[in-house]
Amino acid sequence: MNKGDPKELWEYMLTQVELSISPANFNTWFRNSFIVKIEDGVLFVGVPSQFFKDWYLKKFHTLLLKIVRDVSYEFRNIEYLIVKDENRKAPKEAKNTRGALELPLEDFYINKSDNLNPRYTFDTFVIGAFNNLAYAAAHAALERPGITYNPLFIYGDTGRGKTHLIQAIGNQYKKQYQGRKVFYLTSEKFVVDYTDSVQAGTANRFKDKYRQYDLLIMDDVQFLSKKEKTQEELFHLFNALYDTNKQIIFSSDRPPSAIPDIAERLKGRLASGMAVDIGEPDPESRMAIVRKKAASHGVLLSNEVIEYVATSMNGSIRELEGMVNSIICQAQVKGLAPDIAEVRQSLRSFSRPQKNISVKNVVDKVAEFYGIDEESIYEKTRRREVVRPRQIIMYILREDFHISYPTIGTKLGGRDHTTVIHSCEKIKREMVVDSDLSQEIQNIRTLLV
């Protein structure tokens, strides 16, 4: 990576941002942003509105600054400029610190007409035992769209490659059925569009917009939970598309039956076609992902490095790719692939907690992190400075160590398992929109290694 090239630098920063926030949030907040210029160690990031600027300063500034400073301490700060669509052409005076580059400021990833990321294709999708059924279902849906599997519902834990697969379907559909219309969006974007149309009195225009597509792909439908009016609108949209044999594809972090606070009739529609799970990748698949990701950037890693990276963390492919991105950046800066010792050193921050760690150790580390007395975690107090760390402890014990809800409740002062469930779900939801919380939890995990 050329750290003086704004396009390459922004691409690298985006790959790191993807590790900390949900795909839905990533697509919502980073689709229309870019580096305008680099001057005297300051990155000027272009955003589409004052609202975006305020949100970046509040939610993403610390994260972005950490990422860019990890690249080089030459970067002192990040400032945000409001750049309208008509001004997205590179100004002639916009140059990097070496004064040599005129910037192409079009969207680097997203096709505006259909929201599809051209990087997400079947060619770049690694197939293994954990996802081959979902991969086969995706191809079957493309052979007879609107008929074979309609809707196709892909589900699995965060970071398993769902977004890649469903967008790959969209990109392949464009090639196979030229002239037909495809559109990808997140459920959060659908909620925003619907709410805006109601407030503006343009509900009919909203209906017409989404009914025109031959293939509609909606990511993260679990976020429609409790959105009753939007659910009703999606129900009618589903019927309109389904009745005319238009293909519909959904993704979620859980199967349709497990999504809470969704109207039964909509839940029935979501489950009426083919629902298929993407499981946890096996070691061979993880090694293939590492090898293919590195090779796509021209970096040839040794088998020892590949095996180390693939086995040092379980679960999320997104986190695995983040580790590889770090290695790629290191290789591009040095001009050669790092050896195993360098990789071990550079990937310490990605390390997951060991599975044999005790509950008390987790409590002690979290209490130390937040500067509170560990005994207060076990007490019945509802003080906020204690409640939040306690909820984080419950979340980590459940997510990282797979301890049962009743056991967690018993270990943490005899609390009911429903309290533990509520706490875990609360932290999981807040991590989606709060990058600071997500970063705090990642920092805590490094203390538990």
# chains A, B, ... in the order shown; residues from 1 in each chain; ligands from 1
>>> residues_around(residues="stretch 296-308 of chain A", least_positions_apart="5", cutoff="10 Å", atoms="only C-alpha atoms", output="list in words")
Met1, Thr124, Pro283, Glu284, Arg286, Met287, Ala288, Ile289, Val290, Arg291, Met313, Val324, Asn325, Ile327, Ile328, Cys329, Ala331, Gln332, Gly335, Leu336, Ala337, Pro338, Asp339, Ile340, Ala341, Glu342, Val343 and Arg344 of chain A
>>> residues_around(residues="stretch 269-281 of chain A", least_positions_apart="3", cutoff="6 Å", atoms="only C-alpha atoms", output="list of chain:residue names")
A:Phe130, A:Asn131, A:Ala134, A:Tyr149, A:Asn150, A:Pro151, A:Leu152, A:Phe153, A:Ile154, A:Tyr155, A:Gly156, A:Pro256, A:Leu266, A:Ser285, A:Gly315
>>> closest_residue(among="A:Met323, A:Thr121, A:Val198, A:Trp10", to="A:Lys175", atoms="only C-alpha atoms")
A:Thr121
>>> select_by_dssp(residues="stretch 103-325 of chain A", states="helix (DSSP H, G or I)", output="PyMOL selection string")
chain A and resi 132-143+162-176+187-200+203-211+221-224+228-243+256-258+264-270+283-295+303-311+317-325
>>> residues_around(residues="A:Thr163", least_positions_apart="5", cutoff="9 Å", atoms="only C-alpha atoms", output="compact mmCIF listing (two decimals) with N, CA, C and O atoms, in the first residue's frame")
# COMPACT_ATOMS: atom_id res chain seq x y z
N PRO A 23 -22.13 -4.78 8.68
CA PRO A 23 -22.24 -4.46 7.26
C PRO A 23 -23.29 -3.40 6.97
O PRO A 23 -23.11 -2.55 6.10
N TYR A 120 -17.45 -8.09 -4.63
CA TYR A 120 -18.14 -9.28 -4.15
C TYR A 120 -18.63 -10.12 -5.32
O TYR A 120 -19.71 -9.88 -5.88
N ALA A 168 -22.74 -11.28 -4.46
CA ALA A 168 -22.22 -12.03 -5.60
C ALA A 168 -23.37 -12.51 -6.49
O ALA A 168 -23.25 -12.52 -7.72
N ASP A 219 -30.26 -7.03 3.08
CA ASP A 219 -29.30 -7.52 4.06
C ASP A 219 -29.77 -7.21 5.49
O ASP A 219 -30.40 -6.19 5.73
N ASP A 220 -29.44 -8.10 6.42
CA ASP A 220 -29.65 -7.88 7.86
C ASP A 220 -31.11 -7.58 8.21
O ASP A 220 -31.41 -6.58 8.88
N SER A 251 -30.88 -11.72 3.99
CA SER A 251 -29.85 -12.27 4.89
C SER A 251 -30.18 -11.83 6.31
O SER A 251 -30.85 -10.82 6.53
>>> residues_around(residues="A:Arg144", least_positions_apart="5", cutoff="12 Å", atoms="only C-alpha atoms", output="number ranges by chain")
A: 137-139, 149-150, 173, 176-177, 215, 245-247
>>> closest_residue(among="A:Ile392, A:Val83, A:Val221, A:Val17", to="A:Leu437", atoms="only C-alpha atoms")
A:Ile392
>>> residues_around(residues="A:Gly46", least_positions_apart="6", cutoff="10 Å", atoms="only C-alpha atoms", output="list in words")
Asn32, Ser33, Phe34, Ile35, Val36, Lys37, Phe52, Lys53, Glu79, Tyr80, Leu81, Ile82, Val83, Lys84, Arg88 and Leu105 of chain A
>>> closest_residue(among="A:Arg69, A:Lys426, A:His402, A:Lys162", to="A:Arg390", atoms="only C-alpha atoms")
A:Lys426
>>> select_by_dssp(residues="stretch 206-330 of chain A", states="strand (DSSP E)", output="list in words")
Leu215, Leu216, Ile217, Met218, Asp219, Gln247, Ile248, Ile249, Phe250, Ser251, Ser252, Met274, Ala275, Val276 and Asp277 of chain A
>>> write_last_selection(atoms="N, CA and C atoms", output="mmCIF file, in the first residue's frame")
data_model
loop_
_atom_site.group_PDB
_atom_site.id
_atom_site.type_symbol
_atom_site.label_atom_id
_atom_site.label_comp_id
_atom_site.auth_asym_id
_atom_site.auth_seq_id
_atom_site.Cartn_x
_atom_site.Cartn_y
_atom_site.Cartn_z
ATOM 1 N N LEU A 215 -34.756 -8.317 -9.238
ATOM 2 C CA LEU A 215 -34.084 -8.990 -8.127
ATOM 3 C C LEU A 215 -33.873 -7.971 -7.022
ATOM 4 N N LEU A 216 -34.447 -8.237 -5.863
ATOM 5 C CA LEU A 216 -34.269 -7.365 -4.704
ATOM 6 C C LEU A 216 -33.522 -8.141 -3.623
ATOM 7 N N ILE A 217 -32.412 -7.557 -3.129
ATOM 8 C CA ILE A 217 -31.568 -8.198 -2.117
ATOM 9 C C ILE A 217 -31.575 -7.314 -0.872
ATOM 10 N N MET A 218 -32.019 -7.879 0.254
ATOM 11 C CA MET A 218 -32.080 -7.103 1.498
ATOM 12 C C MET A 218 -31.219 -7.774 2.563
ATOM 13 N N ASP A 219 -30.256 -7.030 3.082
ATOM 14 C CA ASP A 219 -29.296 -7.523 4.062
ATOM 15 C C ASP A 219 -29.767 -7.214 5.486
ATOM 16 N N GLN A 247 -37.321 -12.302 -8.120
ATOM 17 C CA GLN A 247 -36.516 -12.989 -7.107
ATOM 18 C C GLN A 247 -36.257 -12.072 -5.922
ATOM 19 N N ILE A 248 -36.366 -12.639 -4.717
ATOM 20 C CA ILE A 248 -36.122 -11.900 -3.476
ATOM 21 C C ILE A 248 -35.083 -12.674 -2.667
ATOM 22 N N ILE A 249 -34.097 -11.961 -2.129
ATOM 23 C CA ILE A 249 -33.049 -12.580 -1.327
ATOM 24 C C ILE A 249 -32.900 -11.796 -0.028
ATOM 25 N N PHE A 250 -32.850 -12.520 1.069
ATOM 26 C CA PHE A 250 -32.663 -11.905 2.382
ATOM 27 C C PHE A 250 -31.441 -12.497 3.064
ATOM 28 N N SER A 251 -30.877 -11.721 3.994
ATOM 29 C CA SER A 251 -29.855 -12.271 4.892
ATOM 30 C C SER A 251 -30.177 -11.833 6.307
ATOM 31 N N SER A 252 -29.689 -12.617 7.267
ATOM 32 C CA SER A 252 -29.915 -12.307 8.679
ATOM 33 C C SER A 252 -28.876 -13.047 9.501
ATOM 34 N N MET A 274 -36.402 -20.934 0.571
ATOM 35 C CA MET A 274 -35.273 -21.755 1.003
ATOM 36 C C MET A 274 -34.474 -20.967 2.027
ATOM 37 N N ALA A 275 -34.347 -21.506 3.245
ATOM 38 C CA ALA A 275 -33.530 -20.888 4.282
ATOM 39 C C ALA A 275 -32.311 -21.771 4.499
ATOM 40 N N VAL A 276 -31.121 -21.196 4.387
ATOM 41 C CA VAL A 276 -29.899 -21.989 4.469
ATOM 42 C C VAL A 276 -28.872 -21.278 5.342
ATOM 43 N N ASP A 277 -28.174 -22.061 6.135
ATOM 44 C CA ASP A 277 -27.240 -21.553 7.139
ATOM 45 C C ASP A 277 -25.806 -21.541 6.609
#
>>> closest_atom_pairs(of="stretch 348-420 of chain A", to="stretch 427-436 of chain A", cutoff="12 Å", atoms="only C-alpha atoms", output="JSON lines")
{"residue": "A:Val387", "atom": "CA", "partner": "A:Ile427", "partner_atom": "CA", "distance": 11.4}
{"residue": "A:Arg388", "atom": "CA", "partner": "A:Ile427", "partner_atom": "CA", "distance": 8.8}
{"residue": "A:Pro389", "atom": "CA", "partner": "A:Ile427", "partner_atom": "CA", "distance": 10.3}
{"residue": "A:Arg390", "atom": "CA", "partner": "A:Ile427", "partner_atom": "CA", "distance": 10.6}
{"residue": "A:Gln391", "atom": "CA", "partner": "A:Ile427", "partner_atom": "CA", "distance": 7.0}
{"residue": "A:Ile392", "atom": "CA", "partner": "A:Ile427", "partner_atom": "CA", "distance": 6.7}
{"residue": "A:Ile393", "atom": "CA", "partner": "A:Ile427", "partner_atom": "CA", "distance": 10.0}
{"residue": "A:Met394", "atom": "CA", "partner": "A:Ile427", "partner_atom": "CA", "distance": 9.2}
{"residue": "A:Tyr395", "atom": "CA", "partner": "A:Ile427", "partner_atom": "CA", "distance": 6.8}
{"residue": "A:Ile396", "atom": "CA", "partner": "A:Ile427", "partner_atom": "CA", "distance": 9.7}
{"residue": "A:Arg398", "atom": "CA", "partner": "A:Lys428", "partner_atom": "CA", "distance": 11.1}
{"residue": "A:Glu399", "atom": "CA", "partner": "A:Lys428", "partner_atom": "CA", "distance": 9.6}
{"residue": "A:Val420", "atom": "CA", "partner": "A:Ile427", "partner_atom": "CA", "distance": 10.7}
>>> write_last_selection(atoms="all heavy atoms", output="mmCIF file, in the first residue's frame")
data_model
loop_
_atom_site.group_PDB
_atom_site.id
_atom_site.type_symbol
_atom_site.label_atom_id
_atom_site.label_comp_id
_atom_site.auth_asym_id
_atom_site.auth_seq_id
_atom_site.Cartn_x
_atom_site.Cartn_y
_atom_site.Cartn_z
ATOM 1 N N VAL A 387 -23.271 -1.393 36.090
ATOM 2 C CA VAL A 387 -24.176 -2.158 35.230
ATOM 3 C C VAL A 387 -23.560 -2.420 33.861
ATOM 4 O O VAL A 387 -23.585 -3.556 33.353
ATOM 5 C CB VAL A 387 -25.530 -1.425 35.067
ATOM 6 C CG1 VAL A 387 -26.390 -2.106 33.996
ATOM 7 C CG2 VAL A 387 -26.274 -1.415 36.390
ATOM 8 N N ARG A 388 -22.982 -1.396 33.235
ATOM 9 C CA ARG A 388 -22.428 -1.584 31.896
ATOM 10 C C ARG A 388 -21.273 -2.600 31.889
ATOM 11 O O ARG A 388 -21.264 -3.516 31.069
ATOM 12 C CB ARG A 388 -21.990 -0.231 31.315
ATOM 13 C CG ARG A 388 -21.236 -0.293 29.978
ATOM 14 C CD ARG A 388 -21.959 -1.152 28.943
ATOM 15 N NE ARG A 388 -23.214 -0.604 28.550
ATOM 16 C CZ ARG A 388 -23.407 0.265 27.576
ATOM 17 N NH1 ARG A 388 -22.401 0.698 26.868
ATOM 18 N NH2 ARG A 388 -24.620 0.674 27.284
ATOM 19 N N PRO A 389 -20.261 -2.473 32.779
ATOM 20 C CA PRO A 389 -19.216 -3.500 32.808
ATOM 21 C C PRO A 389 -19.768 -4.902 33.059
ATOM 22 O O PRO A 389 -19.282 -5.875 32.476
ATOM 23 C CB PRO A 389 -18.312 -3.043 33.962
ATOM 24 C CG PRO A 389 -18.488 -1.565 34.015
ATOM 25 C CD PRO A 389 -19.932 -1.344 33.686
ATOM 26 N N ARG A 390 -20.786 -5.010 33.927
ATOM 27 C CA ARG A 390 -21.375 -6.322 34.200
ATOM 28 C C ARG A 390 -22.013 -6.895 32.940
ATOM 29 O O ARG A 390 -21.874 -8.088 32.639
ATOM 30 C CB ARG A 390 -22.414 -6.206 35.311
ATOM 31 C CG ARG A 390 -23.028 -7.563 35.701
ATOM 32 C CD ARG A 390 -24.242 -7.370 36.578
ATOM 33 N NE ARG A 390 -23.880 -6.744 37.840
ATOM 34 C CZ ARG A 390 -24.586 -5.769 38.423
ATOM 35 N NH1 ARG A 390 -25.659 -5.285 37.825
ATOM 36 N NH2 ARG A 390 -24.214 -5.273 39.586
ATOM 37 N N GLN A 391 -22.706 -6.062 32.178
ATOM 38 C CA GLN A 391 -23.318 -6.518 30.929
ATOM 39 C C GLN A 391 -22.252 -6.956 29.924
ATOM 40 O O GLN A 391 -22.428 -7.946 29.212
ATOM 41 C CB GLN A 391 -24.184 -5.405 30.336
ATOM 42 C CG GLN A 391 -25.437 -5.113 31.141
ATOM 43 C CD GLN A 391 -26.203 -3.912 30.608
ATOM 44 O OE1 GLN A 391 -25.618 -3.016 29.979
ATOM 45 N NE2 GLN A 391 -27.499 -3.871 30.847
ATOM 46 N N ILE A 392 -21.151 -6.231 29.886
ATOM 47 C CA ILE A 392 -20.055 -6.592 28.977
ATOM 48 C C ILE A 392 -19.442 -7.927 29.387
ATOM 49 O O ILE A 392 -19.108 -8.757 28.528
ATOM 50 C CB ILE A 392 -18.999 -5.466 28.956
ATOM 51 C CG1 ILE A 392 -19.571 -4.235 28.233
ATOM 52 C CG2 ILE A 392 -17.707 -5.936 28.284
ATOM 53 C CD1 ILE A 392 -18.703 -3.003 28.316
ATOM 54 N N ILE A 393 -19.288 -8.144 30.689
ATOM 55 C CA ILE A 393 -18.782 -9.433 31.171
ATOM 56 C C ILE A 393 -19.696 -10.562 30.715
ATOM 57 O O ILE A 393 -19.233 -11.599 30.219
ATOM 58 C CB ILE A 393 -18.669 -9.424 32.708
ATOM 59 C CG1 ILE A 393 -17.535 -8.501 33.148
ATOM 60 C CG2 ILE A 393 -18.438 -10.837 33.249
ATOM 61 C CD1 ILE A 393 -17.519 -8.201 34.629
ATOM 62 N N MET A 394 -21.007 -10.375 30.879
ATOM 63 C CA MET A 394 -21.973 -11.396 30.449
ATOM 64 C C MET A 394 -21.850 -11.666 28.956
ATOM 65 O O MET A 394 -21.852 -12.824 28.514
ATOM 66 C CB MET A 394 -23.400 -10.943 30.790
ATOM 67 C CG MET A 394 -23.700 -10.877 32.278
ATOM 68 S SD MET A 394 -25.357 -10.221 32.604
ATOM 69 C CE MET A 394 -25.441 -10.384 34.399
ATOM 70 N N TYR A 395 -21.715 -10.595 28.183
ATOM 71 C CA TYR A 395 -21.603 -10.725 26.739
ATOM 72 C C TYR A 395 -20.345 -11.511 26.357
ATOM 73 O O TYR A 395 -20.402 -12.432 25.528
ATOM 74 C CB TYR A 395 -21.574 -9.337 26.096
ATOM 75 C CG TYR A 395 -21.260 -9.340 24.621
ATOM 76 C CD1 TYR A 395 -22.255 -9.604 23.684
ATOM 77 C CD2 TYR A 395 -19.967 -9.096 24.159
ATOM 78 C CE1 TYR A 395 -21.968 -9.620 22.332
ATOM 79 C CE2 TYR A 395 -19.671 -9.108 22.817
ATOM 80 C CZ TYR A 395 -20.680 -9.367 21.899
ATOM 81 O OH TYR A 395 -20.377 -9.393 20.559
ATOM 82 N N ILE A 396 -19.212 -11.185 26.952
ATOM 83 C CA ILE A 396 -17.955 -11.868 26.629
ATOM 84 C C ILE A 396 -18.001 -13.332 27.053
ATOM 85 O O ILE A 396 -17.557 -14.222 26.315
ATOM 86 C CB ILE A 396 -16.768 -11.141 27.293
ATOM 87 C CG1 ILE A 396 -16.539 -9.782 26.605
ATOM 88 C CG2 ILE A 396 -15.489 -11.977 27.225
ATOM 89 C CD1 ILE A 396 -15.481 -8.915 27.262
ATOM 90 N N ARG A 398 -20.544 -15.202 27.232
ATOM 91 C CA ARG A 398 -21.429 -15.930 26.325
ATOM 92 C C ARG A 398 -20.832 -16.063 24.931
ATOM 93 O O ARG A 398 -20.781 -17.160 24.353
ATOM 94 C CB ARG A 398 -22.784 -15.216 26.240
ATOM 95 C CG ARG A 398 -23.789 -15.857 25.283
ATOM 96 C CD ARG A 398 -24.161 -17.252 25.723
ATOM 97 N NE ARG A 398 -25.063 -17.884 24.771
ATOM 98 C CZ ARG A 398 -25.491 -19.132 24.866
ATOM 99 N NH1 ARG A 398 -25.111 -19.881 25.880
ATOM 100 N NH2 ARG A 398 -26.289 -19.638 23.957
ATOM 101 N N GLU A 399 -20.358 -14.948 24.365
ATOM 102 C CA GLU A 399 -19.886 -14.931 22.980
ATOM 103 C C GLU A 399 -18.548 -15.639 22.805
ATOM 104 O O GLU A 399 -18.348 -16.372 21.832
ATOM 105 C CB GLU A 399 -19.763 -13.477 22.488
ATOM 106 C CG GLU A 399 -21.082 -12.773 22.278
ATOM 107 C CD GLU A 399 -21.892 -13.385 21.156
ATOM 108 O OE1 GLU A 399 -21.338 -13.573 20.056
ATOM 109 O OE2 GLU A 399 -23.083 -13.687 21.382
ATOM 110 N N VAL A 420 -29.488 -12.178 32.026
ATOM 111 C CA VAL A 420 -28.268 -12.380 31.246
ATOM 112 C C VAL A 420 -28.578 -12.283 29.755
ATOM 113 O O VAL A 420 -27.838 -11.631 28.997
ATOM 114 C CB VAL A 420 -27.635 -13.747 31.574
ATOM 115 C CG1 VAL A 420 -26.346 -13.938 30.771
ATOM 116 C CG2 VAL A 420 -27.350 -13.872 33.059
#
>>> atom_distance(atom1="atom CA of A:Thr230", atom2="atom CA of A:Thr195")
8.0 Å
>>> closest_residue(among="A:His422, A:Arg160, A:Gln222, A:Tyr213", to="A:Ser257", atoms="only C-alpha atoms")
A:Gln222
>>> atom_distance(atom1="atom CA of A:Leu234", atom2="atom CA of A:Ala263")
10.9 Å
